[in-house]
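What's in query28.cif: mmCIF, C-alpha atoms and all ligand atoms
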```cif
data_coords
loop_
_atom_site.label_atom_id
_atom_site.label_comp_id
_atom_site.auth_asym_id
_atom_site.auth_seq_id
_atom_site.Cartn_x
_atom_site.Cartn_y
_atom_site.Cartn_z
CA MET A 1 209.90 73.16 74.68
CA PRO A 2 211.99 75.84 76.33
CA GLU A 3 214.38 77.48 73.94
CA PHE A 4 216.67 80.12 75.31
CA SER A 5 218.73 81.00 72.27
CA TYR A 6 217.26 84.51 72.15
CA VAL A 7 219.25 85.44 75.24
CA HIS A 8 222.94 85.22 74.57
CA SER A 9 224.33 88.07 76.56
CA ARG A 10 224.22 86.10 79.81
CA GLY A 11 225.41 82.60 80.54
CA TRP A 12 223.41 79.59 81.59
CA ILE A 13 223.21 75.83 81.44
CA GLU A 14 220.76 73.72 79.43
CA VAL A 15 220.59 69.97 79.95
CA VAL A 16 219.05 67.43 77.56
CA VAL A 17 218.53 63.99 79.10
CA GLY A 18 216.69 60.74 78.38
CA SER A 19 217.41 57.12 77.53
CA MET A 20 219.48 55.98 74.57
CA PHE A 21 217.74 56.65 71.23
CA SER A 22 215.60 59.41 72.79
CA GLY A 23 217.04 62.02 70.41
CA LYS A 24 219.41 63.79 72.82
CA THR A 25 222.15 64.15 70.22
CA GLU A 26 219.67 65.24 67.55
CA GLU A 27 218.32 67.89 69.94
CA LEU A 28 221.83 69.04 70.85
CA ILE A 29 222.71 69.38 67.15
CA ARG A 30 219.41 71.21 66.47
CA ARG A 31 220.12 73.80 69.18
CA LEU A 32 223.71 74.26 68.02
CA ARG A 33 222.64 74.75 64.40
CA ARG A 34 220.11 77.37 65.52
CA ALA A 35 222.87 79.15 67.41
CA GLU A 36 224.90 79.15 64.18
CA PHE A 37 221.93 80.70 62.35
CA ALA A 38 222.06 83.43 64.99
CA ARG A 39 225.73 83.87 63.99
CA LEU A 40 226.96 82.81 67.40
CA GLN A 41 230.30 81.03 67.51
CA ILE A 42 229.87 77.49 68.79
CA GLN A 43 232.25 74.80 70.00
CA VAL A 44 231.33 71.16 70.53
CA PHE A 45 233.05 68.63 72.78
CA LYS A 46 232.57 64.94 73.36
CA PRO A 47 234.36 62.33 75.47
CA ILE A 48 237.15 60.49 73.68
CA ILE A 49 235.54 57.18 74.72
CA ASP A 50 232.61 57.73 72.30
CA LYS A 51 233.88 56.47 68.94
CA ARG A 52 230.70 54.69 67.91
CA TYR A 53 230.00 56.36 64.59
CA ASN A 54 232.77 58.89 64.13
CA ASP A 55 236.01 59.83 65.94
CA MET A 56 235.70 63.59 65.49
CA ALA A 57 231.99 64.38 65.10
CA VAL A 58 229.04 64.20 67.44
CA THR A 59 226.80 61.80 65.53
CA SER A 60 223.20 60.75 66.22
CA HIS A 61 221.81 57.27 65.65
CA ASP A 62 220.20 58.77 62.57
CA LEU A 63 223.70 59.79 61.45
CA THR A 64 223.16 63.56 61.58
CA LYS A 65 226.44 65.03 62.76
CA ILE A 66 228.32 68.13 63.80
CA ASP A 67 232.09 68.64 64.13
CA SER A 68 233.38 68.18 67.64
CA LEU A 69 236.58 67.91 69.60
CA PRO A 70 237.07 64.69 71.57
CA ILE A 71 238.49 65.31 75.08
CA ASN A 72 239.39 63.11 78.06
CA ASP A 73 238.46 65.47 80.84
CA ALA A 74 236.07 68.43 81.05
CA GLU A 75 238.93 70.70 82.25
CA GLU A 76 240.47 70.36 78.77
CA ILE A 77 237.69 72.63 77.48
CA TRP A 78 239.69 75.56 78.90
CA ASN A 79 242.70 74.68 76.70
CA HIS A 80 240.57 74.75 73.56
CA LEU A 81 238.05 77.50 74.27
CA LYS A 82 238.23 80.28 71.66
CA PRO A 83 237.76 83.88 72.76
CA GLY A 84 234.75 84.46 70.48
CA THR A 85 232.83 81.33 71.51
CA LYS A 86 229.33 82.03 72.82
CA VAL A 87 227.81 78.54 72.90
CA VAL A 88 229.45 75.34 74.12
CA GLY A 89 227.82 71.99 73.31
CA ILE A 90 228.81 68.82 75.15
CA ASP A 91 227.51 65.37 74.23
CA GLU A 92 227.55 62.19 76.34
CA GLY A 93 227.95 64.20 79.54
CA GLN A 94 227.58 61.04 81.65
CA PHE A 95 230.99 59.82 80.47
CA PHE A 96 232.77 62.80 82.05
CA SER A 97 233.79 62.94 85.70
CA ASN A 98 232.04 65.14 88.24
CA ASN A 99 234.33 68.09 87.47
CA LEU A 100 232.11 68.69 84.41
CA VAL A 101 229.72 70.35 86.87
CA GLN A 102 232.24 73.00 87.92
CA VAL A 103 233.44 73.55 84.35
CA ALA A 104 229.83 74.08 83.20
CA GLN A 105 229.21 76.51 86.09
CA ASP A 106 232.37 78.48 85.30
CA LEU A 107 231.52 78.66 81.57
CA ALA A 108 228.03 79.95 82.41
CA GLU A 109 229.49 82.47 84.88
CA ARG A 110 231.65 83.78 82.06
CA GLY A 111 228.52 84.44 80.03
CA LEU A 112 228.51 81.34 77.81
CA ARG A 113 225.46 79.29 76.93
CA VAL A 114 226.29 75.67 77.83
CA ILE A 115 224.21 72.83 76.38
CA ILE A 116 224.91 69.36 77.76
CA ALA A 117 223.28 66.15 76.50
CA GLY A 118 223.60 62.85 78.33
CA LEU A 119 222.00 59.77 79.84
CA ASP A 120 220.14 60.45 83.09
CA THR A 121 220.15 56.76 84.07
CA ASP A 122 222.62 53.94 83.52
CA TRP A 123 221.91 50.40 82.28
CA GLN A 124 220.59 49.46 85.73
CA GLY A 125 218.18 52.38 85.83
CA LYS A 126 220.26 54.24 88.42
CA PRO A 127 221.07 57.97 88.23
CA PHE A 128 224.14 58.44 86.05
CA GLU A 129 226.36 61.20 87.47
CA PRO A 130 227.20 63.90 86.69
CA MET A 131 223.90 64.33 84.74
CA PRO A 132 221.55 64.38 87.81
CA THR A 133 223.67 67.10 89.45
CA LEU A 134 223.76 69.06 86.21
CA MET A 135 219.96 68.77 86.01
CA ALA A 136 219.74 70.32 89.47
CA ILE A 137 221.93 73.34 88.72
CA ALA A 138 220.80 73.95 85.12
CA GLU A 139 218.45 76.77 84.12
CA SER A 140 216.69 74.41 81.69
CA VAL A 141 216.17 70.65 81.66
CA THR A 142 214.58 68.76 78.77
CA LYS A 143 213.75 65.10 79.36
CA GLN A 144 213.24 63.22 76.12
CA HIS A 145 211.78 59.77 75.45
CA ALA A 146 212.58 57.08 72.93
CA VAL A 147 210.03 54.46 71.82
CA CYS A 148 209.89 51.20 73.79
CA VAL A 149 210.88 48.44 71.37
CA VAL A 150 208.60 45.96 73.19
CA CYS A 151 205.30 47.89 73.38
CA GLY A 152 205.68 51.25 71.62
CA SER A 153 205.17 53.37 74.77
CA PRO A 154 207.46 56.28 75.58
CA ALA A 155 210.76 54.74 76.73
CA SER A 156 212.67 56.18 79.68
CA ARG A 157 215.20 53.40 80.21
CA THR A 158 218.18 51.93 78.39
CA GLN A 159 218.06 48.12 78.32
CA ARG A 160 221.40 46.35 78.00
CA THR A 161 221.10 43.34 75.69
CA ALA A 162 224.72 42.19 75.41
CA GLY A 163 228.07 42.32 77.16
CA GLY A 164 228.80 42.03 80.86
CA ASP A 165 227.82 44.13 83.82
CA SER A 166 230.44 46.90 83.58
CA LYS A 167 229.02 50.38 84.21
CA VAL A 168 230.37 51.70 80.92
CA LEU A 169 229.96 49.69 77.72
CA VAL A 170 229.97 51.89 74.66
CA GLY A 171 227.58 50.53 72.05
CA THR A 172 224.49 51.15 69.97
CA HIS A 173 221.83 48.74 68.74
CA ASP A 174 224.29 45.87 69.22
CA ALA A 175 224.14 46.23 73.01
CA TYR A 176 221.17 48.44 73.94
CA GLU A 177 217.44 48.92 73.42
CA ALA A 178 215.04 51.66 74.48
CA ARG A 179 212.41 50.32 76.91
CA CYS A 180 209.63 51.72 79.10
CA ARG A 181 209.54 51.20 82.88
CA GLN A 182 207.35 48.10 82.49
CA HIS A 183 209.63 46.29 80.05
CA PHE A 184 212.97 47.40 81.46
CA LYS A 185 215.10 44.93 83.44
CA PRO A 186 218.18 46.03 85.42
CA THR A 187 220.04 42.96 84.10
CA VAL A 188 221.31 41.97 80.64
CA ASP A 189 218.22 40.82 78.71
CA THR A 190 217.56 39.05 75.41
CA PRO A 191 217.22 41.56 72.57
CA THR A 192 213.68 42.16 71.33
CA LEU A 193 214.74 43.12 67.86
CA ASP A 194 217.29 41.61 65.54
CA TRP A 195 218.91 44.78 64.28
CA LYS A 196 221.05 43.06 61.70
CA LEU A 197 217.95 41.54 60.05
CA GLN A 198 216.15 44.91 60.25
CA ARG A 199 219.07 46.70 58.58
CA GLU A 200 219.24 44.10 55.78
CA ALA A 201 215.47 44.43 55.21
CA GLN A 202 215.88 48.22 55.01
CA PHE A 203 218.58 47.96 52.36
CA GLU A 204 216.64 45.40 50.30
CA ALA A 205 213.47 47.54 50.29
P1 LIG B 1 220.41 59.67 71.70
O1 LIG B 1 221.50 60.69 71.55
O2 LIG B 1 219.37 60.06 72.71
O3 LIG B 1 220.93 58.28 71.96
P2 LIG B 1 220.04 60.15 68.89
O4 LIG B 1 219.71 61.61 68.79
O5 LIG B 1 221.45 59.74 68.56
O6 LIG B 1 219.61 59.60 70.32
O7 LIG B 1 219.13 59.29 67.92
C1 LIG B 1 217.73 59.40 67.88
C2 LIG B 1 217.26 58.57 66.69
O8 LIG B 1 217.40 57.19 67.01
C3 LIG B 1 215.81 58.71 66.32
O9 LIG B 1 215.54 59.84 65.52
C4 LIG B 1 215.55 57.43 65.54
O10 LIG B 1 215.92 57.58 64.18
C5 LIG B 1 216.56 56.44 66.13
N1 LIG B 1 215.96 55.36 66.93
C6 LIG B 1 216.38 54.10 66.94
N2 LIG B 1 215.69 53.34 67.81
C7 LIG B 1 214.78 54.14 68.38
C8 LIG B 1 213.76 53.96 69.38
N3 LIG B 1 213.55 52.77 69.96
N4 LIG B 1 213.02 55.02 69.75
C9 LIG B 1 213.22 56.22 69.15
N5 LIG B 1 214.16 56.46 68.21
C10 LIG B 1 214.94 55.44 67.81
MG MG B 2 223.53 60.58 71.77
#
```
Structure encoded using structure tokens:
Amino acid sequence: MPEFSYVHSRGWIEVVVGSMFSGKTEELIRRLRRAEFARLQIQVFKPIIDKRYNDMAVTSHDLTKIDSLPINDAEEIWNHLKPGTKVVGIDEGQFFSNNLVQVAQDLAERGLRVIIAGLDTDWQGKPFEPMPTLMAIAESVTKQHAVCVVCGSPASRTQRTAGGDSKVLVGTHDAYEARCRQHFKPTVDTPTLDWKLQREAQFEA
């Protein structure tokens, strides 16, 4: 896995993509923690829309978390950027508008390391901008996989299992499953797993 933390004198862009549950947020947090070990000042941003586990922290499905600042628009990063910051982490990049691309470019031009995690495809399996454009301009792209809940293969798609057909529906296990190409459907499908029952079984064990 490419890891560029040893160069921090010049800016660049790293992108972490994959389906839901593929460990994008965990990987983002891992890289940010390593930057902290290198005594680099970090700042973390996430879209205000993502309130699934925590209002203020970037939180993985495994509930590891790191403090973050929720913002509406990528341009707001400029209002909050501290002079000493060397590494900027951004989660759920797909929920920002396309101006995230220019903001990321400008941050990198200024010498910052920019790490952006986000979904590369939407619930219909289509490219989810601005992530595909960010993948094209980034110095490093890491594509992660979850585990298909139907067959156990590497999962590259996010299956919607509840709600309507709006492009954005913020949810977790209540509305989405990780699936491979073979088991993915670009329509709302019946859930494979009953997460409530699984959770109860976990707590009883
Ligand atoms: P992402 O940000 O890509 O949605 P997270 O980093 O928040 O993913 O969470 C990854 C964690 O999700 C895994 O470590 C695992 O505990 C959990 N998880 C739940 N369902 C799955 C699945 N089907 N495949 C892989 N991991 C899963
Ligand atoms: Mg995530």
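When only C-alpha atoms are used to compute distances to Ile48 in chain A, the closest of the residues A:Ala35, A:Ile116, A:Ile71, A:Met135 turns out to be A:Ile71.
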Kindly indicate which residue among A:Thr133, A:Thr187, A:Thr158, A:Ser153 lies nearest to Gln102 in chain A, using all atoms listed in the file for the distances. A:Thr133
Nearest candidate to Ser156 in chain A (options A:His173, A:Arg181, A:Arg31, A:Lys51; using all atoms listed in the file):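 Among the listed residues, A:Arg181 lies closest to Ser156 in chain A.
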Any chance you could work out the axis-aligned box around range 75-85 of chain A, listed atoms only, 8 Å on each side, giving centre and edge lengths in Å to one decimal, as AutoDock Vina command-line options?
```
--center_x 237.8 --center_y 77.4 --center_z 76.4 --size_x 25.9 --size_y 30.1 --size_z 27.8
```
Each residue of chain A lying at most 9 Å from ligand MG 2 (chain B) should get a row with its shortest atom-to-atom pair and the distance in Å to one decimal, counting all atoms listed in the file; could you produce that, ordered by chain and increasing number, as a Markdown table?
```
| residue | atom | partner | partner_atom | distance |
| --- | --- | --- | --- | --- |
| A:Met20 | CA | B:MG2 | MG | 6.7 |
| A:Phe21 | CA | B:MG2 | MG | 7.0 |
| A:Ser22 | CA | B:MG2 | MG | 8.1 |
| A:Gly23 | CA | B:MG2 | MG | 6.8 |
| A:Lys24 | CA | B:MG2 | MG | 5.3 |
| A:Thr25 | CA | B:MG2 | MG | 4.1 |
| A:Glu26 | CA | B:MG2 | MG | 7.4 |
| A:Leu28 | CA | B:MG2 | MG | 8.7 |
| A:Val58 | CA | B:MG2 | MG | 7.9 |
| A:Thr59 | CA | B:MG2 | MG | 7.1 |
| A:Ser60 | CA | B:MG2 | MG | 5.6 |
| A:His61 | CA | B:MG2 | MG | 7.2 |
| A:Asp91 | CA | B:MG2 | MG | 6.7 |
| A:Glu92 | CA | B:MG2 | MG | 6.3 |
| A:Ala117 | CA | B:MG2 | MG | 7.3 |
| A:Gly118 | CA | B:MG2 | MG | 6.9 |
| A:Leu119 | CA | B:MG2 | MG | 8.3 |
```
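Here CA of Arg110 in chain A is placed at a distance of 21.0 Å from CA of Phe96 in chain A.
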Using Å and a single decimal, report how far atom O1 of ligand LIG 1 (chain B) sits from CA of Ala108 in chain A. 23.1 Å
Hey, which of A:Asp50, A:Lys86, A:Asp62, A:Gly11 ends up closest to Ala38 in chain A? Count all atoms listed in the file.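 Smallest distance to Ala38 in chain A is found for A:Lys86.
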Any idea what's packed within 6 Å of Ala57 in chain A, counting all atoms listed in the file, ignoring anything in its chain fewer than 6 positions away? Could you give it as a VMD selection string? chain A and resid 66 to 68
What does the structure give for the distance between atom C4 of ligand LIG 1 (chain B) and CA of Gln43 in chain A, in Å to one decimal? 24.5 Å
Give the answer as one residue: which of A:Asp189, A:Glu177, A:Glu14, A:Asp194 has the shortest atom-to-atom distance to ligand LIG 1 (chain B), using only C-alpha atoms and all ligand atoms?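 The answer is A:Glu177, which sits nearest to ligand LIG 1 (chain B).
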Give me the residues near Val44 in chain A as an MDAnalysis selection string, where near means some atom within 6 Å (using only C-alpha atoms) and where sequence neighbours in that chain fewer than 4 positions away do not count. chainID A and resid 68 88:90
Emit the selected residues as an mmCIF file, keeping the file's coordinate frame, including C-alpha atoms.
```cif
data_model
loop_
_atom_site.group_PDB
_atom_site.id
_atom_site.type_symbol
_atom_site.label_atom_id
_atom_site.label_comp_id
_atom_site.auth_asym_id
_atom_site.auth_seq_id
_atom_site.Cartn_x
_atom_site.Cartn_y
_atom_site.Cartn_z
ATOM 1 C CA SER A 68 233.380 68.180 67.640
ATOM 2 C CA VAL A 88 229.450 75.340 74.120
ATOM 3 C CA GLY A 89 227.820 71.990 73.310
ATOM 4 C CA ILE A 90 228.810 68.820 75.150
#
```
Rank nothing, just name the residue among A:Leu40, A:Cys148, A:Ile137, A:Val188 nearest to ligand LIG 1 (chain B), using only C-alpha atoms and all ligand atoms.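 Distance minimum relative to ligand LIG 1 (chain B) lands on A:Cys148.
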Neighbour list for Lys143 in chain A as a list of chain:residue names, cut-off 7 Å, only C-alpha atoms, skip fewer than 5 positions in-chain: A:Val16, A:Val17, A:Gly18
Which residues are close to Leu193 in chain A, i.e. within 12 Å by all atoms listed in the file, leaving aside same-chain residues fewer than 4 positions away? Reply as a list in words.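 Everything that qualifies: Cys148, Val149, Val150, Cys151, Thr161, His173, Asp174, Ala175, Tyr176, Glu177, Ala178, Arg179, Asp189, Leu197, Gln198 and Arg199 of chain A.
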Residues at most 8 Å from Phe128 in chain A, counting only C-alpha atoms, excluding those fewer than 6 positions away in the same chain, as a ChimeraX atom specification? /A:94,119-122
N, CA, C and O atoms for range 76-93 of chain A, written as an mmCIF file, in the frame of the given file, could you do that?
```
data_model
loop_
_atom_site.group_PDB
_atom_site.id
_atom_site.type_symbol
_atom_site.label_atom_id
_atom_site.label_comp_id
_atom_site.auth_asym_id
_atom_site.auth_seq_id
_atom_site.Cartn_x
_atom_site.Cartn_y
_atom_site.Cartn_z
ATOM 1 N N GLU A 76 239.778 70.089 80.034
ATOM 2 C CA GLU A 76 240.470 70.360 78.770
ATOM 3 C C GLU A 76 239.737 71.390 77.919
ATOM 4 O O GLU A 76 240.313 71.970 77.000
ATOM 5 N N ILE A 77 238.455 71.618 78.226
ATOM 6 C CA ILE A 77 237.690 72.630 77.480
ATOM 7 C C ILE A 77 238.407 73.978 77.561
ATOM 8 O O ILE A 77 238.482 74.719 76.590
ATOM 9 N N TRP A 78 239.006 74.268 78.729
ATOM 10 C CA TRP A 78 239.690 75.560 78.900
ATOM 11 C C TRP A 78 240.868 75.705 77.949
ATOM 12 O O TRP A 78 241.179 76.803 77.508
ATOM 13 N N ASN A 79 241.546 74.598 77.621
ATOM 14 C CA ASN A 79 242.700 74.680 76.700
ATOM 15 C C ASN A 79 242.261 74.985 75.278
ATOM 16 O O ASN A 79 243.059 75.475 74.478
ATOM 17 N N HIS A 80 241.023 74.635 74.951
ATOM 18 C CA HIS A 80 240.570 74.750 73.560
ATOM 19 C C HIS A 80 239.595 75.886 73.330
ATOM 20 O O HIS A 80 239.291 76.217 72.181
ATOM 21 N N LEU A 81 239.100 76.479 74.394
ATOM 22 C CA LEU A 81 238.050 77.500 74.270
ATOM 23 C C LEU A 81 238.564 78.730 73.514
ATOM 24 O O LEU A 81 239.594 79.301 73.873
ATOM 25 N N LYS A 82 237.827 79.104 72.458
ATOM 26 C CA LYS A 82 238.230 80.280 71.660
ATOM 27 C C LYS A 82 237.576 81.523 72.240
ATOM 28 O O LYS A 82 236.448 81.463 72.749
ATOM 29 N N PRO A 83 238.265 82.659 72.124
ATOM 30 C CA PRO A 83 237.760 83.880 72.760
ATOM 31 C C PRO A 83 236.360 84.284 72.290
ATOM 32 O O PRO A 83 235.575 84.808 73.067
ATOM 33 N N GLY A 84 236.045 84.005 71.015
ATOM 34 C CA GLY A 84 234.750 84.460 70.480
ATOM 35 C C GLY A 84 233.593 83.502 70.730
ATOM 36 O O GLY A 84 232.451 83.756 70.326
ATOM 37 N N THR A 85 233.873 82.353 71.357
ATOM 38 C CA THR A 85 232.830 81.330 71.510
ATOM 39 C C THR A 85 231.726 81.782 72.468
ATOM 40 O O THR A 85 232.002 82.260 73.563
ATOM 41 N N LYS A 86 230.485 81.615 72.009
ATOM 42 C CA LYS A 86 229.330 82.030 72.820
ATOM 43 C C LYS A 86 228.522 80.828 73.314
ATOM 44 O O LYS A 86 227.799 80.929 74.299
ATOM 45 N N VAL A 87 228.613 79.723 72.551
ATOM 46 C CA VAL A 87 227.810 78.540 72.900
ATOM 47 C C VAL A 87 228.713 77.310 72.916
ATOM 48 O O VAL A 87 229.431 77.055 71.950
ATOM 49 N N VAL A 88 228.676 76.578 74.016
ATOM 50 C CA VAL A 88 229.450 75.340 74.120
ATOM 51 C C VAL A 88 228.488 74.166 74.209
ATOM 52 O O VAL A 88 227.602 74.141 75.070
ATOM 53 N N GLY A 89 228.628 73.212 73.297
ATOM 54 C CA GLY A 89 227.820 71.990 73.310
ATOM 55 C C GLY A 89 228.672 70.828 73.792
ATOM 56 O O GLY A 89 229.835 70.709 73.403
ATOM 57 N N ILE A 90 228.095 69.995 74.645
ATOM 58 C CA ILE A 90 228.810 68.820 75.150
ATOM 59 C C ILE A 90 227.889 67.624 75.036
ATOM 60 O O ILE A 90 226.764 67.657 75.540
ATOM 61 N N ASP A 91 228.348 66.571 74.352
ATOM 62 C CA ASP A 91 227.510 65.370 74.230
ATOM 63 C C ASP A 91 228.037 64.280 75.160
ATOM 64 O O ASP A 91 229.198 64.305 75.562
ATOM 65 N N GLU A 92 227.188 63.326 75.492
ATOM 66 C CA GLU A 92 227.550 62.190 76.340
ATOM 67 C C GLU A 92 228.149 62.653 77.667
ATOM 68 O O GLU A 92 229.186 62.135 78.121
ATOM 69 N N GLY A 93 227.481 63.625 78.285
ATOM 70 C CA GLY A 93 227.950 64.200 79.540
ATOM 71 C C GLY A 93 228.195 63.165 80.633
ATOM 72 O O GLY A 93 229.067 63.347 81.491
#
```
